[in-house]
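structure_12.cif (mmCIF, C-alpha atoms and all ligand atoms)
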data_input
loop_
_atom_site.group_PDB
_atom_site.id
_atom_site.type_symbol
_atom_site.label_atom_id
_atom_site.label_comp_id
_atom_site.auth_asym_id
_atom_site.auth_seq_id
_atom_site.Cartn_x
_atom_site.Cartn_y
_atom_site.Cartn_z
ATOM 1 C CA MET A 3 -11.319 -8.144 -7.973
ATOM 2 C CA VAL A 4 -10.223 -6.308 -4.841
ATOM 3 C CA ILE A 5 -10.065 -8.699 -1.883
ATOM 4 C CA PRO A 6 -9.853 -7.846 1.839
ATOM 5 C CA ILE A 7 -6.469 -7.578 3.538
ATOM 6 C CA TYR A 8 -6.049 -9.234 6.939
ATOM 7 C CA SER A 9 -4.861 -7.375 10.020
ATOM 8 C CA CYS A 10 -1.363 -8.297 11.204
ATOM 9 C CA PHE A 11 -3.015 -9.331 14.479
ATOM 10 C CA HIS A 12 -5.024 -12.073 12.779
ATOM 11 C CA PRO A 13 -3.465 -15.534 13.357
ATOM 12 C CA ILE A 14 -3.256 -16.282 9.626
ATOM 13 C CA LEU A 15 -0.343 -13.853 9.404
ATOM 14 C CA ARG A 16 1.597 -15.696 12.103
ATOM 15 C CA LYS A 17 1.771 -18.996 10.284
ATOM 16 C CA LYS A 18 4.423 -19.986 7.746
ATOM 17 C CA THR A 19 2.844 -20.382 4.298
ATOM 18 C CA SER A 20 2.843 -23.562 2.190
ATOM 19 C CA ALA A 21 4.772 -23.932 -1.072
ATOM 20 C CA VAL A 22 2.928 -23.522 -4.371
ATOM 21 C CA ILE A 23 3.168 -26.844 -6.218
ATOM 22 C CA LYS A 24 1.598 -25.998 -9.526
ATOM 23 C CA ILE A 25 0.329 -22.930 -11.306
ATOM 24 C CA ASP A 26 -3.335 -23.448 -12.118
ATOM 25 C CA ASP A 27 -6.166 -21.061 -12.937
ATOM 26 C CA ASP A 28 -6.829 -20.457 -9.219
ATOM 27 C CA ILE A 29 -3.258 -19.244 -8.663
ATOM 28 C CA LYS A 30 -3.376 -17.033 -11.772
ATOM 29 C CA LYS A 31 -6.661 -15.524 -10.585
ATOM 30 C CA LEU A 32 -5.221 -15.005 -7.092
ATOM 31 C CA VAL A 33 -2.196 -13.172 -8.532
ATOM 32 C CA GLU A 34 -4.470 -10.957 -10.633
ATOM 33 C CA ASN A 35 -6.616 -10.152 -7.579
ATOM 34 C CA MET A 36 -3.553 -9.498 -5.428
ATOM 35 C CA PHE A 37 -2.187 -6.924 -7.885
ATOM 36 C CA GLU A 38 -5.585 -5.220 -8.077
ATOM 37 C CA THR A 39 -5.872 -5.215 -4.276
ATOM 38 C CA MET A 40 -2.321 -3.886 -3.812
ATOM 39 C CA TYR A 41 -2.889 -1.018 -6.266
ATOM 40 C CA LYS A 42 -6.240 -0.168 -4.675
ATOM 41 C CA ALA A 43 -4.552 0.030 -1.261
ATOM 42 C CA ASP A 44 -1.585 2.060 -2.619
ATOM 43 C CA GLY A 45 0.848 -0.669 -1.630
ATOM 44 C CA ILE A 46 4.066 -1.742 -3.341
ATOM 45 C CA GLY A 47 4.123 -5.366 -2.152
ATOM 46 C CA LEU A 48 1.599 -7.959 -0.972
ATOM 47 C CA ALA A 49 1.983 -11.518 0.315
ATOM 48 C CA ALA A 50 -0.731 -14.161 -0.262
ATOM 49 C CA ASN A 51 -1.334 -14.746 3.451
ATOM 50 C CA GLN A 52 -2.193 -11.038 3.764
ATOM 51 C CA VAL A 53 -5.308 -11.852 1.740
ATOM 52 C CA GLY A 54 -5.953 -15.035 3.710
ATOM 53 C CA GLN A 55 -4.316 -17.532 1.340
ATOM 54 C CA ASP A 56 -1.859 -20.066 2.722
ATOM 55 C CA LYS A 57 0.472 -19.862 -0.289
ATOM 56 C CA SER A 58 4.117 -18.914 -0.696
ATOM 57 C CA LEU A 59 3.462 -16.161 -3.208
ATOM 58 C CA ILE A 60 4.217 -12.439 -3.413
ATOM 59 C CA VAL A 61 3.397 -9.619 -5.808
ATOM 60 C CA ILE A 62 5.569 -6.484 -5.980
ATOM 61 C CA ASP A 63 5.431 -3.235 -7.946
ATOM 62 C CA ILE A 64 7.752 -0.596 -6.551
ATOM 63 C CA ASN A 65 6.795 1.874 -9.273
ATOM 64 C CA ALA A 66 3.730 2.727 -7.218
ATOM 65 C CA SER A 67 6.100 4.191 -4.596
ATOM 66 C CA LYS A 68 6.840 7.901 -4.450
ATOM 67 C CA ASP A 69 10.507 7.213 -3.661
ATOM 68 C CA LYS A 70 13.164 7.748 -6.299
ATOM 69 C CA HIS A 71 14.445 4.520 -7.775
ATOM 70 C CA LYS A 72 15.015 3.081 -11.193
ATOM 71 C CA SER A 73 11.869 1.657 -12.683
ATOM 72 C CA GLU A 74 11.264 -2.075 -12.355
ATOM 73 C CA PRO A 75 8.516 -4.183 -13.926
ATOM 74 C CA PRO A 76 5.837 -5.613 -11.597
ATOM 75 C CA ILE A 77 6.886 -9.075 -10.440
ATOM 76 C CA THR A 78 5.265 -12.226 -9.083
ATOM 77 C CA LEU A 79 7.468 -14.383 -6.852
ATOM 78 C CA ILE A 80 6.471 -17.995 -6.191
ATOM 79 C CA ASN A 81 8.167 -19.882 -3.310
ATOM 80 C CA PRO A 82 10.811 -17.158 -2.808
ATOM 81 C CA VAL A 83 13.864 -17.846 -0.649
ATOM 82 C CA ILE A 84 16.475 -15.256 0.282
ATOM 83 C CA GLU A 85 19.766 -17.070 -0.151
ATOM 84 C CA GLN A 86 22.223 -14.351 0.828
ATOM 85 C CA PHE A 87 22.215 -11.103 2.809
ATOM 86 C CA SER A 88 24.898 -8.404 2.633
ATOM 87 C CA ASP A 89 26.781 -7.762 5.897
ATOM 88 C CA ASN A 90 25.827 -4.098 6.116
ATOM 89 C CA ASP A 91 22.444 -2.974 7.419
ATOM 90 C CA VAL A 92 20.589 0.131 6.279
ATOM 91 C CA GLU A 93 17.691 1.993 7.866
ATOM 92 C CA TYR A 94 14.456 2.538 5.951
ATOM 93 C CA GLU A 95 10.920 3.514 6.896
ATOM 94 C CA GLU A 96 8.459 0.679 6.338
ATOM 95 C CA GLY A 97 4.697 0.426 6.285
ATOM 96 C CA CYS A 98 2.416 -2.563 5.886
ATOM 97 C CA LEU A 99 -1.090 -2.933 4.445
ATOM 98 C CA SER A 100 -1.870 -5.267 7.376
ATOM 99 C CA ILE A 101 -1.005 -2.449 9.836
ATOM 100 C CA PRO A 102 -3.011 0.553 8.613
ATOM 101 C CA LYS A 103 -1.408 3.997 8.853
ATOM 102 C CA PHE A 104 1.651 2.807 10.788
ATOM 103 C CA TYR A 105 5.164 3.654 9.585
ATOM 104 C CA GLU A 106 8.433 3.044 11.377
ATOM 105 C CA LYS A 107 12.144 2.830 10.625
ATOM 106 C CA VAL A 108 13.690 -0.624 10.444
ATOM 107 C CA MET A 109 17.279 -1.820 9.963
ATOM 108 C CA ARG A 110 17.802 -4.624 7.442
ATOM 109 C CA PRO A 111 20.625 -5.914 5.236
ATOM 110 C CA GLU A 112 21.104 -3.656 2.205
ATOM 111 C CA ILE A 113 21.497 -6.212 -0.575
ATOM 112 C CA ILE A 114 20.043 -9.682 -0.963
ATOM 113 C CA GLN A 115 20.208 -12.590 -3.343
ATOM 114 C CA ILE A 116 16.784 -14.128 -3.821
ATOM 115 C CA LYS A 117 15.623 -17.273 -5.602
ATOM 116 C CA TYR A 118 12.032 -17.653 -6.808
ATOM 117 C CA LEU A 119 9.819 -19.137 -9.502
ATOM 118 C CA ASP A 120 7.769 -17.082 -11.927
ATOM 119 C CA LEU A 121 4.251 -17.919 -13.174
ATOM 120 C CA ASP A 122 5.766 -20.310 -15.745
ATOM 121 C CA MET A 123 7.544 -22.125 -12.873
ATOM 122 C CA LYS A 124 10.848 -20.870 -14.290
ATOM 123 C CA GLU A 125 13.521 -20.331 -11.637
ATOM 124 C CA HIS A 126 15.197 -16.938 -11.194
ATOM 125 C CA VAL A 127 18.121 -15.998 -8.970
ATOM 126 C CA VAL A 128 18.570 -12.239 -8.708
ATOM 127 C CA GLU A 129 20.450 -9.719 -6.635
ATOM 128 C CA ALA A 130 18.373 -6.813 -5.324
ATOM 129 C CA GLY A 131 19.277 -3.576 -3.562
ATOM 130 C CA ASN A 132 17.546 -0.378 -2.494
ATOM 131 C CA LEU A 133 13.758 -0.324 -2.263
ATOM 132 C CA LEU A 134 13.305 -3.616 -4.127
ATOM 133 C CA SER A 135 15.510 -5.455 -1.612
ATOM 134 C CA ARG A 136 13.561 -3.848 1.217
ATOM 135 C CA VAL A 137 10.139 -4.852 -0.127
ATOM 136 C CA MET A 138 11.314 -8.395 -0.880
ATOM 137 C CA GLN A 139 12.647 -8.841 2.663
ATOM 138 C CA HIS A 140 9.422 -7.467 4.171
ATOM 139 C CA GLU A 141 7.223 -9.748 2.026
ATOM 140 C CA VAL A 142 9.327 -12.903 2.503
ATOM 141 C CA ASP A 143 9.047 -12.244 6.235
ATOM 142 C CA HIS A 144 5.236 -12.326 5.815
ATOM 143 C CA LEU A 145 5.450 -15.736 4.146
ATOM 144 C CA ASN A 146 7.389 -16.934 7.201
ATOM 145 C CA GLY A 147 4.833 -15.513 9.642
ATOM 146 C CA ILE A 148 6.987 -12.517 10.645
ATOM 147 C CA ILE A 149 5.596 -8.965 10.916
ATOM 148 C CA PHE A 150 7.938 -5.978 10.467
ATOM 149 C CA THR A 151 7.101 -4.619 13.924
ATOM 150 C CA GLU A 152 9.115 -7.564 15.288
ATOM 151 C CA ARG A 153 12.162 -6.043 13.617
ATOM 152 C CA LEU A 154 11.866 -2.616 15.273
ATOM 153 C CA SER A 155 14.599 -1.568 17.658
ATOM 154 C CA PRO A 156 13.588 -2.139 21.315
ATOM 155 C CA ILE A 157 13.111 1.597 21.871
ATOM 156 C CA ASN A 158 10.987 2.068 18.744
ATOM 157 C CA ARG A 159 8.929 -0.958 19.687
ATOM 158 C CA THR A 160 8.208 0.543 23.091
ATOM 159 C CA LEU A 161 7.300 3.894 21.524
ATOM 160 C CA ALA A 162 4.968 2.186 19.030
ATOM 161 C CA LYS A 163 3.075 0.167 21.629
ATOM 162 C CA SER A 164 0.022 2.395 22.112
ATOM 163 C CA LYS A 165 -0.372 3.015 18.367
ATOM 164 C CA LEU A 166 -0.269 -0.715 17.712
ATOM 165 C CA ARG A 167 -2.808 -1.366 20.466
ATOM 166 C CA LYS A 168 -5.252 0.986 18.730
ATOM 167 C CA ILE A 169 -4.744 -0.864 15.460
ATOM 168 C CA GLN A 170 -5.235 -4.182 17.237
ATOM 169 C CA LYS A 171 -8.514 -2.947 18.717
ATOM 170 C CA GLY A 172 -9.738 -1.953 15.240
ATOM 171 C CA GLN A 173 -9.656 1.791 15.969
ATOM 172 C CA VAL A 174 -7.627 2.604 12.860
ATOM 173 C CA ILE A 175 -9.692 2.092 9.713
ATOM 174 C CA PRO A 176 -7.908 1.789 6.374
ATOM 175 C CA ASP A 177 -9.380 3.034 3.044
ATOM 176 C CA TYR A 178 -9.498 -0.486 1.599
ATOM 177 C CA PRO A 179 -11.374 -3.695 2.470
ATOM 178 C CA TYR A 180 -9.850 -5.084 5.645
ATOM 179 C CA ILE A 181 -10.378 -7.939 8.098
ATOM 180 C CA ASP A 182 -9.620 -7.185 11.731
ATOM 181 C CA SER A 183 -7.799 -9.261 14.338
ATOM 182 C CA ASN A 184 -10.988 -11.216 15.138
ATOM 183 C CA GLY A 185 -11.758 -12.019 11.524
ATOM 184 C CA ASN A 186 -14.511 -9.389 11.102
ATOM 185 C CA PRO A 187 -14.616 -7.361 7.871
ATOM 186 C CA LEU A 188 -14.235 -3.634 8.588
ATOM 187 C CA LYS A 189 -15.346 -2.301 5.235
HETATM 188 ZN ZN ZN B 201 3.483 -6.071 5.212
#
For the structure just supplied, provide its representation as structure tokens.
Ligand code: ZN
Amino acid sequence: MVIPIYSCFHPILRKKTSAVIKIDDDIKKLVENMFETMYKADGIGLAANQVGQDKSLIVIDINASKDKHKSEPPITLINPVIEQFSDNDVEYEEGCLSIPKFYEKVMRPEIIQIKYLDLDMKEHVVEAGNLLSRVMQHEVDHLNGIIFTERLSPINRTLAKSKLRKIQKGQVIPDYPYIDSNGNPLK
């Protein structure tokens, strides 16, 4: 089932999410719905609080991206923590399903080491680079209540101000079910 995505200006996206303690049918259903919602919205990553759920949980499928990269299976990350960041930063254009039709370049560490649980509560520690690293950093930020616009350079943030104001006022309508900054469904 496709579920509505919350605007980045809604307070739910500013709060750190709670850890998932056990995998029950509700969590499995949520993961299924999150994948369906992400594909419907043409996204490559989605955090649970973006669909209004206070859970430390992310789904990612970078194969939906048009960028060149080696193919990776879709993944579900429960309670992910980035344990290490490489010293060098790289620039990459990011978008966010909670900020419709807004894209901007952001600097972030190139390579990360991330620890997470899968749907069997099995722990994984993996190193990620390229697009996968980028999406993981963006989504883990969501779980910590951080929006990527906070990571823009000061000049880019200034330049983006009027665009973001329009989005905040609900003047940019996405092609997928969406809940605006005041909690009203837009579609
Ligand atoms: Zn996002």
Each residue of segment 16-60 of chain A with at least one atom at most 9 Å from segment 143-156 of chain A should appear once, together with its nearest atom pair and the corresponding distance in Å (one decimal); atoms considered: all atoms listed in the file; ordering: chain, then increasing residue number; output as a Markdown table.
| residue | atom | partner | partner_atom | distance |
| --- | --- | --- | --- | --- |
| A:Arg16 | CA | A:Gly147 | CA | 4.1 |
| A:Lys17 | CA | A:Gly147 | CA | 4.7 |
| A:Lys18 | CA | A:Asn146 | CA | 4.3 |
| A:Thr19 | CA | A:Leu145 | CA | 5.3 |
| A:Ser20 | CA | A:Leu145 | CA | 8.5 |
| A:Leu48 | CA | A:His144 | CA | 8.9 |
| A:Ala49 | CA | A:His144 | CA | 6.4 |
| A:Ala50 | CA | A:Leu145 | CA | 7.8 |
| A:Asn51 | CA | A:Leu145 | CA | 6.9 |
| A:Gln52 | CA | A:His144 | CA | 7.8 |
| A:Asp56 | CA | A:Leu145 | CA | 8.6 |
| A:Lys57 | CA | A:Leu145 | CA | 7.8 |
| A:Ser58 | CA | A:Leu145 | CA | 5.9 |
| A:Leu59 | CA | A:Leu145 | CA | 7.6 |
| A:Ile60 | CA | A:Leu145 | CA | 8.3 |
Close residues, Ile64 of chain A itself excluded, 9 Å, all atoms listed in the file, min 6 positions apart in chain, as JSON, numbers by chain:
{"A": [45, 46, 47, 71, 73, 74, 75, 76, 133, 134, 137]}
With all atoms listed in the file as the basis for distance, which of A:Asp63, A:Pro102, A:Val108, A:Met123 is at the shortest distance from Ile181 of chain A?
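Ranked by minimum distance to Ile181 of chain A, first place goes to A:Pro102.
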Evaluated on this file, the PyMOL selection byres (((chain A and resi 127) around 12) and not hetatm) picks out some residues - which ones are they, written as a list in words?
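Going through the file, the PyMOL selection byres (((chain A and resi 127) around 12) and not hetatm) ends up selecting Leu79, Pro82, Val83, Ile84, Glu85, Gln86, Ile114, Gln115, Ile116, Lys117, Tyr118, Leu119, Asp120, Lys124, Glu125, His126, Val128, Glu129 and Ala130 of chain A.
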Evaluate the PyMOL selection byres (((not hetatm)) within 6 of (chain B and resi 201)) against this structure - the residues, as a list in words, please.
Cys98, Leu99 and Ser100 of chain A
Can you work out which one of A:Gln139, A:Ser164, A:Thr78, A:Gln173 has the shortest atom-to-atom distance to Lys30 of chain A, counting all atoms listed in the file?
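Answer, going by the shortest atom-to-atom distance: A:Thr78.
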Check the smallest atom-to-atom distance from each of A:Ser135, A:Ser67, A:Ser183, A:Asn158 to Val92 of chain A using all atoms listed in the file, then report the winner.
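Looking at the shortest contact to Val92 of chain A, the residue is A:Ser135.
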Expanded to explicit residues, what is the PyMOL selection byres (((chain A and resi 7) around 12) and not hetatm) for this file, as a compact mmCIF listing (two decimals) with C-alpha atoms, in the coordinates of the input?
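Wrote part_30.txt, looks like this:
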# COMPACT_ATOMS: atom_id res chain seq x y z
CA VAL A 4 -10.22 -6.31 -4.84
CA ILE A 5 -10.06 -8.70 -1.88
CA PRO A 6 -9.85 -7.85 1.84
CA TYR A 8 -6.05 -9.23 6.94
CA SER A 9 -4.86 -7.38 10.02
CA CYS A 10 -1.36 -8.30 11.20
CA PHE A 11 -3.02 -9.33 14.48
CA HIS A 12 -5.02 -12.07 12.78
CA ILE A 14 -3.26 -16.28 9.63
CA LEU A 15 -0.34 -13.85 9.40
CA ASN A 35 -6.62 -10.15 -7.58
CA MET A 36 -3.55 -9.50 -5.43
CA GLU A 38 -5.58 -5.22 -8.08
CA THR A 39 -5.87 -5.22 -4.28
CA MET A 40 -2.32 -3.89 -3.81
CA LYS A 42 -6.24 -0.17 -4.68
CA ALA A 43 -4.55 0.03 -1.26
CA GLY A 45 0.85 -0.67 -1.63
CA LEU A 48 1.60 -7.96 -0.97
CA ALA A 49 1.98 -11.52 0.32
CA ALA A 50 -0.73 -14.16 -0.26
CA ASN A 51 -1.33 -14.75 3.45
CA GLN A 52 -2.19 -11.04 3.76
CA VAL A 53 -5.31 -11.85 1.74
CA GLY A 54 -5.95 -15.04 3.71
CA GLN A 55 -4.32 -17.53 1.34
CA CYS A 98 2.42 -2.56 5.89
CA LEU A 99 -1.09 -2.93 4.44
CA SER A 100 -1.87 -5.27 7.38
CA ILE A 101 -1.00 -2.45 9.84
CA PRO A 102 -3.01 0.55 8.61
CA ILE A 175 -9.69 2.09 9.71
CA PRO A 176 -7.91 1.79 6.37
CA ASP A 177 -9.38 3.03 3.04
CA TYR A 178 -9.50 -0.49 1.60
CA PRO A 179 -11.37 -3.70 2.47
CA TYR A 180 -9.85 -5.08 5.64
CA ILE A 181 -10.38 -7.94 8.10
CA ASP A 182 -9.62 -7.18 11.73
CA SER A 183 -7.80 -9.26 14.34
CA GLY A 185 -11.76 -12.02 11.52
CA ASN A 186 -14.51 -9.39 11.10
CA PRO A 187 -14.62 -7.36 7.87
CA LEU A 188 -14.24 -3.63 8.59
CA LYS A 189 -15.35 -2.30 5.24
From the options A:Asn65, A:Lys24, A:Tyr41, A:Glu106, which residue's atoms come nearest to Ile157 of chain A, counting only C-alpha atoms?
A:Glu106
